[in-house]
There are 2 protein chains.
Amino acid sequence: MPGINEVAQLAGVSTATVSRALSGNGHVSESTRQRVHAAALELEYVVSSNASSLATGRTKNVGVVIPFLNRWFYGAVLEGAESALLGHGYDLTLYNLGGGGEERRLVFEHFLLRKRVDAVIAIALELTESEVGRLHDMGKPIVGVGGTIQGVRTLSIDDPGVARLATEHLLSLGHTMIAHIGGNSDSEMDFHVPTRRRGGYEAALVEAGITPDPELFQAADFTLQGGYAAAKQLLGNPRKRPTAVFAASDEMAIGTILAARDLGLTVPGDVSVVGVDDHELSEFFGLSTIAQFPALQGRMAVDILMDQLHPGHRELASVNTPLPFELIVRSSTSRPS
Amino acid sequence: MPGINEVAQLAGVSTATVSRALSGNGHVSESTRQRVHAAALELEYVVSSNASSLATGRTKNVGVVIPFLNRWFYGAVLEGAESALLGHGYDLTLYNLGGGGEERRLVFEHFLLRKRVDAVIAIALELTESEVGRLHDMGKPIVGVGGTIQGVRTLSIDDPGVARLATEHLLSLGHTMIAHIGGNSDSEMDFHVPTRRRGGYEAALVEAGITPDPELFQAADFTLQGGYAAAKQLLGNPRKRPTAVFAASDEMAIGTILAARDLGLTVPGDVSVVGVDDHELSEFFGLSTIAQFPALQGRMAVDILMDQLHPGHRELASVNTPLPFELIVRSSTSRPS
DNA sequence: GTGAAAGCGCTAACAG
DNA sequence: CTGTTAGCGCTTTCAC
């Protein structure tokens, strides 16, 4: 593990020149640049990021805080962010805040403040004013994904819009008895996604002249199992069985398809089902859904972060960047029979 | 962002004393210790990990290399490792090596060598001699999860044993036509898990006096979709339909259950199904399975690492630590009818 | 274009 | 038990 001065010696220059040649900051003649690179290569020299960080104040490392790791959606966002970061030469330090309170405090008050990260990406986490304040006081940029945060550049999907699109798809097919499986208080995440989606669903109905019926709503926990149970309730109702179900997540939608089958109902013959996410299993189940693109979300977050870290050309004006989504029609939706 | 000397000033001591008091290394009188802590608290002092690392050579950060992020199993391992690490005051820097060749080289030859990590945990990755050598040359301990690696402390499950247990479960129920859905070349991961599981399955059959029948084997990719397709082949065979299927992953086992249903076969009436993992969906599908405990695996890896980092009491003797597994019988297996 | 030298903020001998 | 004093390995003015 050679240091910069051994490289300097081998190349016959000063350490300052090595630093310049290798980092690209400052001018170095082409010939010495090559000599330095050759020397570095020969010695397998790799800079000590600590020494470098100490001297420059930059770490080439970003912290990512995320509430789950074992769910497909979050894993995919993380994957997108990781590969984008790596591509920019940045490391990613991971903080999983699933555990709740104490852990979160620790991370924000201790771990993230040790000058180890240049910035933080917060996924599906509504940072508090004090969390944001601390970070900004230290000059650390933040980008949030999944909702808006006061004073922070964010990327978020138009949740009501997503729900409207799903509902309108069903409406346009001719459905009028459209149930909704949304979130319960446990799944009421930081950005109130379930509530916002329910709002979009209701708005679409109202716009179509239909009064949302509370009996056609069921709360669940965004999982397949939860969706299954909720769907059983909805579809088992003998006096008011919906002809279509809009589930706020694909996992719940798949649970709904399974519940329908178990009740002897066909999909989409007896009941149409639409979800949100474009989960990896959705295609298999023929699920119509509103796709969001989690890996892309991770990548976009990194792009925006890089823009703040290396203020370049076009300073992106808006504080919140809308995330793309798209209706994918497969075989779980059709006209009511 | 106050530095150590401001704390020293406020507490009326030298920076050395502050360092000692805060880190716990070296003796400090109780009273000054308290004064220092109070001062640090008041100023919201947090050490600069870079400066500290530069001075000590330790970073309190470990690198984790993992091949996937968006699969339940790997997410769970990562989750276990992350929380254990955090508990020990360590950060986790994540490297997702899903992309393949170039990325992997970059990580091992560049990222991991910048003195940014104290150690590395390799999950389901069979490190090459040179990858291990580089790291060990720098004095970085490594622990591997998922298989054995020459010269590295590892944690691994007895894959043949897992497969035997699953197969014996079926055998003991009275099945003799037991099919196996294993891996294809794409899913032939670094540690040859599919091959080793197939070996265990065949060994159990042989031991029971049954000759493994190649027609009763199907290769798939460890996913639900893949398992579904493979199971259709197996269960659709008119002249040789197995009464039981052992799938090398729960996802494939669930695919098998779904395939059976679609063929009008009942589980376990017409066909018993057993998988491996105890996936989050397994309970929902009533799947009998061999549980492995991914989060625990992550945690155990950290424990072993800490033992190497802070050589304490009992130096764990063995190079490879076996991982626990357990048969969980649910409703997808029964006697053949 | 390149070198000398002063730090970046902390820790670890070494004295006392 | 505590202070003094060198560095840890790099970057970056400031001269030349």
# chains A, B, ... in the order shown; residues from 1 in each chain; ligands from 1
call {"tool": "residues_around", "arguments": {"residues": "stretch 13-20 of chain B", "least_positions_apart": "3", "cutoff": "10 Å", "atoms": "only C-alpha atoms (C1' of nucleotides)", "output": "PyMOL selection string"}}
result
(chain B and resi 3-10+23-29+32-33+35-37+39-40+47+52) or (chain C and resi 10-12) or (chain D and resi 1-4)
call {"tool": "interface_residues", "arguments": {"of": "chain A", "to": "chain D", "cutoff": "7 Å", "atoms": "only C-alpha atoms (C1' of nucleotides)", "output": "list in words"}}
result
Ser48, Ala51, Ser52, Ala55 and Thr56 of chain A
call {"tool": "closest_residue", "arguments": {"among": "A:Gly57, A:Pro336, A:Gly264, A:Gly209", "to": "C:DC8", "atoms": "only C-alpha atoms (C1' of nucleotides)"}}
result
A:Gly57
call {"tool": "select_by_dssp", "arguments": {"residues": "stretch 54-107 of chain B", "states": "strand (DSSP E or B)", "output": "PyMOL selection string"}}
result
chain B and resi 61-66+91-96
call {"tool": "residues_around", "arguments": {"residues": "stretch 250-254 of chain B", "least_positions_apart": "6", "cutoff": "7 Å", "atoms": "only C-alpha atoms (C1' of nucleotides)", "output": "PyMOL selection string"}}
result
chain B and resi 222-224+226-228+273-279+282
call {"tool": "select_by_dssp", "arguments": {"residues": "stretch 94-313 of chain B", "states": "helix (DSSP H, G or I)", "output": "number ranges by chain"}}
result
B: 101-109, 111-113, 129-137, 159-173, 193-207, 214-216, 224-236, 250-262, 294-309
call {"tool": "write_last_selection", "arguments": {"atoms": "C-alpha atoms", "output": "compact mmCIF listing (two decimals), in the first residue's frame"}}
result
# COMPACT_ATOMS: atom_id res chain seq x y z
CA GLY B 101 -17.37 -8.12 -14.61
CA GLU B 102 -16.18 -4.59 -14.96
CA GLU B 103 -18.09 -3.38 -11.95
CA ARG B 104 -16.69 -6.12 -9.80
CA ARG B 105 -13.14 -5.39 -10.83
CA LEU B 106 -13.62 -1.72 -10.11
CA VAL B 107 -14.95 -2.39 -6.66
CA PHE B 108 -12.20 -4.76 -5.68
CA GLU B 109 -9.32 -2.95 -7.26
CA PHE B 111 -13.20 1.20 -4.13
CA LEU B 112 -12.32 -1.32 -1.50
CA LEU B 113 -8.68 -0.34 -1.42
CA GLU B 129 -7.69 -15.69 -4.78
CA SER B 130 -6.54 -12.32 -5.97
CA GLU B 131 -9.53 -10.52 -4.52
CA VAL B 132 -8.90 -12.17 -1.18
CA GLY B 133 -5.17 -11.59 -1.45
CA ARG B 134 -5.45 -7.88 -2.07
CA LEU B 135 -7.72 -7.38 0.89
CA HIS B 136 -5.68 -9.54 3.21
CA ASP B 137 -2.49 -7.80 2.15
CA ASP B 159 -26.92 -27.15 0.97
CA PRO B 160 -26.84 -30.88 0.33
CA GLY B 161 -28.13 -31.35 3.86
CA VAL B 162 -30.96 -28.93 3.27
CA ALA B 163 -31.95 -30.78 0.13
CA ARG B 164 -31.74 -34.12 1.87
CA LEU B 165 -33.96 -32.93 4.66
CA ALA B 166 -36.57 -31.71 2.22
CA THR B 167 -36.40 -34.89 0.20
CA GLU B 168 -36.51 -37.09 3.27
CA HIS B 169 -39.58 -35.24 4.45
CA LEU B 170 -41.29 -36.25 1.23
CA LEU B 171 -39.89 -39.74 1.37
CA SER B 172 -41.05 -40.25 4.93
CA LEU B 173 -44.54 -39.27 3.87
CA VAL B 193 -25.96 -23.86 -4.78
CA PRO B 194 -28.30 -25.48 -7.31
CA THR B 195 -25.85 -28.24 -8.04
CA ARG B 196 -25.22 -28.92 -4.39
CA ARG B 197 -28.89 -29.05 -3.62
CA ARG B 198 -29.52 -31.40 -6.47
CA GLY B 199 -26.79 -33.59 -5.10
CA GLY B 200 -28.47 -33.77 -1.72
CA TYR B 201 -31.79 -34.59 -3.30
CA GLU B 202 -30.29 -37.43 -5.30
CA ALA B 203 -28.36 -38.75 -2.35
CA ALA B 204 -31.51 -38.95 -0.28
CA LEU B 205 -33.29 -40.83 -3.03
CA VAL B 206 -30.45 -43.25 -3.49
CA GLU B 207 -30.31 -43.85 0.19
CA PRO B 214 -33.48 -37.35 -14.96
CA GLU B 215 -36.94 -36.92 -16.38
CA LEU B 216 -38.06 -35.87 -12.96
CA LEU B 224 -41.71 -17.89 -9.26
CA GLN B 225 -42.23 -17.63 -12.99
CA GLY B 226 -39.46 -20.07 -13.67
CA GLY B 227 -40.82 -22.50 -11.13
CA TYR B 228 -44.25 -22.23 -12.66
CA ALA B 229 -43.01 -23.11 -16.11
CA ALA B 230 -40.88 -25.97 -14.86
CA ALA B 231 -43.72 -27.36 -12.81
CA LYS B 232 -46.05 -27.27 -15.78
CA GLN B 233 -43.64 -29.51 -17.62
CA LEU B 234 -43.33 -31.90 -14.75
CA LEU B 235 -46.96 -32.05 -13.73
CA GLY B 236 -48.29 -32.00 -17.23
CA ASP B 250 -39.60 -21.11 -2.19
CA GLU B 251 -40.35 -18.87 -5.09
CA MET B 252 -40.11 -21.80 -7.45
CA ALA B 253 -42.16 -23.86 -5.02
CA ILE B 254 -44.88 -21.26 -5.02
CA GLY B 255 -44.77 -21.25 -8.79
CA THR B 256 -45.26 -24.99 -8.58
CA ILE B 257 -48.32 -24.63 -6.37
CA LEU B 258 -49.77 -22.15 -8.83
CA ALA B 259 -49.01 -24.41 -11.77
CA ALA B 260 -50.68 -27.33 -10.04
CA ARG B 261 -53.80 -25.27 -9.46
CA ASP B 262 -53.89 -24.18 -13.05
CA PRO B 294 -31.36 -14.67 6.13
CA ALA B 295 -31.46 -11.80 8.59
CA LEU B 296 -29.77 -14.02 11.11
CA GLN B 297 -27.13 -14.88 8.57
CA GLY B 298 -26.38 -11.19 8.17
CA ARG B 299 -26.18 -10.73 11.90
CA MET B 300 -23.96 -13.74 12.39
CA ALA B 301 -21.59 -12.50 9.74
CA VAL B 302 -21.23 -9.28 11.65
CA ASP B 303 -20.63 -11.09 14.92
CA ILE B 304 -17.83 -13.06 13.41
CA LEU B 305 -16.39 -9.99 11.85
CA MET B 306 -16.41 -8.13 15.13
CA ASP B 307 -14.60 -11.02 16.63
CA GLN B 308 -11.84 -10.61 14.10
CA LEU B 309 -11.78 -6.87 14.39
call {"tool": "closest_atom_pairs", "arguments": {"of": "chain A", "to": "chain B", "cutoff": "8 Å", "atoms": "only C-alpha atoms", "output": "CSV"}}
result
residue,atom,partner,partner_atom,distance
A:Met1,CA,B:Met138,CA,7.0
A:Val46,CA,B:Arg114,CA,5.9
A:Val47,CA,B:Arg114,CA,5.9
A:Ser48,CA,B:Arg114,CA,4.9
A:Ser49,CA,B:Arg114,CA,5.5
A:Asn50,CA,B:Asn50,CA,5.0
A:Ala51,CA,B:Leu54,CA,6.1
A:Ser53,CA,B:Asn50,CA,6.6
A:Leu54,CA,B:Asn50,CA,5.8
A:Leu69,CA,B:Gly75,CA,5.1
A:Asn70,CA,B:Gly75,CA,4.4
A:Arg71,CA,B:Trp72,CA,6.5
A:Trp72,CA,B:Asn70,CA,5.2
A:Phe73,CA,B:Asn70,CA,7.5
A:Tyr74,CA,B:Asn70,CA,7.7
A:Gly75,CA,B:Asn70,CA,4.4
A:Ala76,CA,B:Asn70,CA,5.2
A:Leu78,CA,B:Leu69,CA,7.4
A:Glu79,CA,B:Leu69,CA,6.0
A:Glu82,CA,B:Asn96,CA,7.0
A:Ser83,CA,B:Asn96,CA,7.4
A:Asp91,CA,B:Thr93,CA,6.8
A:Leu92,CA,B:Thr93,CA,5.6
A:Thr93,CA,B:Thr93,CA,4.3
A:Leu94,CA,B:Leu92,CA,5.8
A:Tyr95,CA,B:Glu82,CA,7.3
A:Asn96,CA,B:Glu82,CA,7.0
A:His110,CA,B:Val46,CA,6.8
A:Phe111,CA,B:Asp91,CA,7.8
A:Leu113,CA,B:Val46,CA,6.7
A:Arg114,CA,B:Ser48,CA,4.9
A:Lys115,CA,B:Ser48,CA,5.6
A:Arg116,CA,B:Ser49,CA,6.3
A:Met138,CA,B:Met1,CA,7.0
A:Leu224,CA,B:Leu281,CA,7.9
A:Gln225,CA,B:Phe284,CA,6.4
A:Leu281,CA,B:Gln225,CA,7.9
A:Phe284,CA,B:Gln225,CA,6.5
call {"tool": "closest_atom_pairs", "arguments": {"of": "chain C", "to": "chain A", "cutoff": "7 Å", "atoms": "only C-alpha atoms (C1' of nucleotides)", "output": "JSON lines"}}
result
{"residue": "C:DG1", "atom": "C1'", "partner": "A:Val28", "partner_atom": "CA", "distance": 6.0}
{"residue": "C:DT2", "atom": "C1'", "partner": "A:Thr17", "partner_atom": "CA", "distance": 6.7}
{"residue": "C:DG3", "atom": "C1'", "partner": "A:Ser14", "partner_atom": "CA", "distance": 6.3}
{"residue": "C:DC8", "atom": "C1'", "partner": "A:Ala55", "partner_atom": "CA", "distance": 4.5}
call {"tool": "write_last_selection", "arguments": {"atoms": "N, CA and C atoms (P, O5', C5', C4', C3', O3' and C1' of nucleotides)", "output": "PDB file, in the first residue's frame"}}
result
ATOM      1  P    DG C   1       0.801  25.039 -18.074  1.00  0.00           P
ATOM      2  O5'  DG C   1       1.885  24.073 -17.424  1.00  0.00           O
ATOM      3  C5'  DG C   1       2.765  23.335 -18.235  1.00  0.00           C
ATOM      4  C4'  DG C   1       3.949  22.983 -17.368  1.00  0.00           C
ATOM      5  C3'  DG C   1       3.672  21.861 -16.372  1.00  0.00           C
ATOM      6  O3'  DG C   1       4.892  21.129 -16.201  1.00  0.00           O
ATOM      7  C1'  DG C   1       4.199  23.849 -15.195  1.00  0.00           C
ATOM      8  P    DT C   2       4.976  19.853 -15.332  1.00  0.00           P
ATOM      9  O5'  DT C   2       5.488  20.355 -13.918  1.00  0.00           O
ATOM     10  C5'  DT C   2       6.867  20.703 -13.787  1.00  0.00           C
ATOM     11  C4'  DT C   2       7.120  21.264 -12.406  1.00  0.00           C
ATOM     12  C3'  DT C   2       6.823  20.293 -11.260  1.00  0.00           C
ATOM     13  O3'  DT C   2       8.061  20.036 -10.617  1.00  0.00           O
ATOM     14  C1'  DT C   2       6.076  22.497 -10.771  1.00  0.00           C
ATOM     15  P    DG C   3       8.174  18.934  -9.491  1.00  0.00           P
ATOM     16  O5'  DG C   3       8.482  19.871  -8.243  1.00  0.00           O
ATOM     17  C5'  DG C   3       9.648  20.685  -8.274  1.00  0.00           C
ATOM     18  C4'  DG C   3       9.691  21.552  -7.040  1.00  0.00           C
ATOM     19  C3'  DG C   3       9.568  20.787  -5.719  1.00  0.00           C
ATOM     20  O3'  DG C   3      10.498  21.362  -4.800  1.00  0.00           O
ATOM     21  C1'  DG C   3       7.861  22.423  -5.847  1.00  0.00           C
ATOM     22  P    DC C   8      -6.012  23.932   9.652  1.00  0.00           P
ATOM     23  O5'  DC C   8      -6.838  22.724   9.028  1.00  0.00           O
ATOM     24  C5'  DC C   8      -7.560  22.837   7.801  1.00  0.00           C
ATOM     25  C4'  DC C   8      -8.158  21.488   7.477  1.00  0.00           C
ATOM     26  C3'  DC C   8      -8.627  20.725   8.709  1.00  0.00           C
ATOM     27  O3'  DC C   8     -10.044  20.815   8.784  1.00  0.00           O
ATOM     28  C1'  DC C   8      -7.235  19.328   7.284  1.00  0.00           C
TER      29       DC C   8
END
call {"tool": "atom_distance", "arguments": {"atom1": "atom CA of B:Ala244", "atom2": "atom CA of B:His180"}}
result
8.6 Å
call {"tool": "decode", "arguments": {"residues": "chain D", "atoms": "N, CA and C atoms (P, O5', C5', C4', C3', O3' and C1' of nucleotides)", "output": "compact mmCIF listing (two decimals), in the first residue's frame"}}
result
# COMPACT_ATOMS: atom_id res chain seq x y z
P DC D 1 -6.78 7.24 36.90
O5' DC D 1 -6.28 8.69 36.48
C5' DC D 1 -6.91 9.81 37.06
C4' DC D 1 -6.15 11.03 36.62
C3' DC D 1 -6.62 11.58 35.26
O3' DC D 1 -6.84 12.98 35.43
C1' DC D 1 -4.26 11.31 35.26
P DT D 2 -7.67 13.82 34.44
O5' DT D 2 -6.53 14.52 33.58
C5' DT D 2 -5.76 15.55 34.19
C4' DT D 2 -4.60 15.91 33.31
C3' DT D 2 -4.98 16.42 31.91
O3' DT D 2 -4.46 17.72 31.80
C1' DT D 2 -3.16 14.91 31.82
P DG D 3 -5.00 18.70 30.65
O5' DG D 3 -3.63 19.09 29.93
C5' DG D 3 -2.62 19.71 30.69
C4' DG D 3 -1.29 19.61 29.97
C3' DG D 3 -1.31 20.21 28.56
O3' DG D 3 -0.13 20.98 28.41
C1' DG D 3 -0.53 17.96 28.48
P DT D 4 0.06 21.90 27.13
O5' DT D 4 1.30 21.20 26.41
C5' DT D 4 2.26 20.48 27.19
C4' DT D 4 3.32 19.93 26.24
C3' DT D 4 3.40 20.62 24.88
O3' DT D 4 4.76 20.71 24.50
C1' DT D 4 2.91 18.32 24.57
P DT D 5 5.18 21.36 23.11
O5' DT D 5 5.19 20.05 22.20
C5' DT D 5 6.02 18.93 22.57
C4' DT D 5 5.93 17.87 21.49
C3' DT D 5 5.95 18.43 20.07
O3' DT D 5 6.79 17.58 19.30
C1' DT D 5 4.10 17.00 20.33
P DA D 6 7.74 18.31 18.23
O5' DA D 6 7.96 17.11 17.19
C5' DA D 6 6.86 16.74 16.43
C4' DA D 6 6.69 15.23 16.44
C3' DA D 6 6.47 14.73 15.04
O3' DA D 6 6.98 13.42 14.89
C1' DA D 6 4.48 14.52 16.31
P DG D 7 7.34 12.97 13.43
O5' DG D 7 6.41 13.97 12.56
C5' DG D 7 5.64 13.47 11.48
C4' DG D 7 4.66 12.39 11.94
C3' DG D 7 3.72 11.97 10.83
O3' DG D 7 3.65 10.56 10.77
C1' DG D 7 2.47 12.77 12.69
P DC D 8 3.58 9.85 9.41
O5' DC D 8 2.04 9.48 9.26
C5' DC D 8 1.43 8.47 10.07
C4' DC D 8 -0.04 8.43 9.72
C3' DC D 8 -0.30 8.70 8.24
O3' DC D 8 -0.58 7.47 7.60
C1' DC D 8 -1.73 10.05 9.68
P DG D 9 0.30 7.02 6.38
O5' DG D 9 -0.36 7.84 5.18
C5' DG D 9 -1.73 7.68 4.90
C4' DG D 9 -2.16 8.77 3.94
C3' DG D 9 -1.27 8.93 2.72
O3' DG D 9 -2.13 8.93 1.60
C1' DG D 9 -1.62 11.01 3.75
P DC D 10 -1.60 9.19 0.17
O5' DC D 10 -2.15 10.67 -0.08
C5' DC D 10 -3.46 10.80 -0.46
C4' DC D 10 -3.98 12.17 -0.07
C3' DC D 10 -3.84 13.19 -1.18
O3' DC D 10 -5.13 13.42 -1.73
C1' DC D 10 -3.25 14.09 0.97
P DT D 11 -5.22 14.23 -3.09
O5' DT D 11 -5.29 15.75 -2.58
C5' DT D 11 -6.40 16.13 -1.79
C4' DT D 11 -6.28 17.58 -1.42
C3' DT D 11 -6.25 18.56 -2.59
O3' DT D 11 -7.11 19.62 -2.22
C1' DT D 11 -4.40 18.94 -1.19
P DT D 12 -7.67 20.64 -3.28
O5' DT D 12 -6.86 21.97 -2.95
C5' DT D 12 -6.85 22.45 -1.61
C4' DT D 12 -5.80 23.52 -1.45
C3' DT D 12 -5.66 24.43 -2.69
O3' DT D 12 -5.61 25.77 -2.24
C1' DT D 12 -3.56 23.58 -2.06
P DT D 13 -6.43 26.89 -2.97
O5' DT D 13 -5.30 27.63 -3.79
C5' DT D 13 -5.00 28.97 -3.49
C4' DT D 13 -4.17 29.10 -2.23
C3' DT D 13 -3.15 30.23 -2.40
O3' DT D 13 -3.21 31.12 -1.29
C1' DT D 13 -2.05 28.18 -1.85
P DC D 14 -2.74 32.64 -1.49
O5' DC D 14 -1.16 32.45 -1.67
C5' DC D 14 -0.41 31.87 -0.60
C4' DC D 14 1.03 31.67 -1.05
C3' DC D 14 1.54 32.78 -1.99
O3' DC D 14 2.74 33.29 -1.46
C1' DC D 14 2.02 30.63 -2.88
P DA D 15 3.34 34.73 -1.96
O5' DA D 15 4.86 34.33 -2.16
C5' DA D 15 5.28 34.02 -3.44
C4' DA D 15 6.37 32.96 -3.38
C3' DA D 15 7.46 33.27 -4.39
O3' DA D 15 8.73 32.93 -3.86
C1' DA D 15 6.31 31.25 -5.00
P DC D 16 9.99 33.70 -4.56
O5' DC D 16 10.34 32.74 -5.77
C5' DC D 16 10.83 31.42 -5.49
C4' DC D 16 10.75 30.58 -6.75
C3' DC D 16 11.50 31.15 -7.96
O3' DC D 16 12.44 30.20 -8.40
C1' DC D 16 9.39 30.29 -8.58
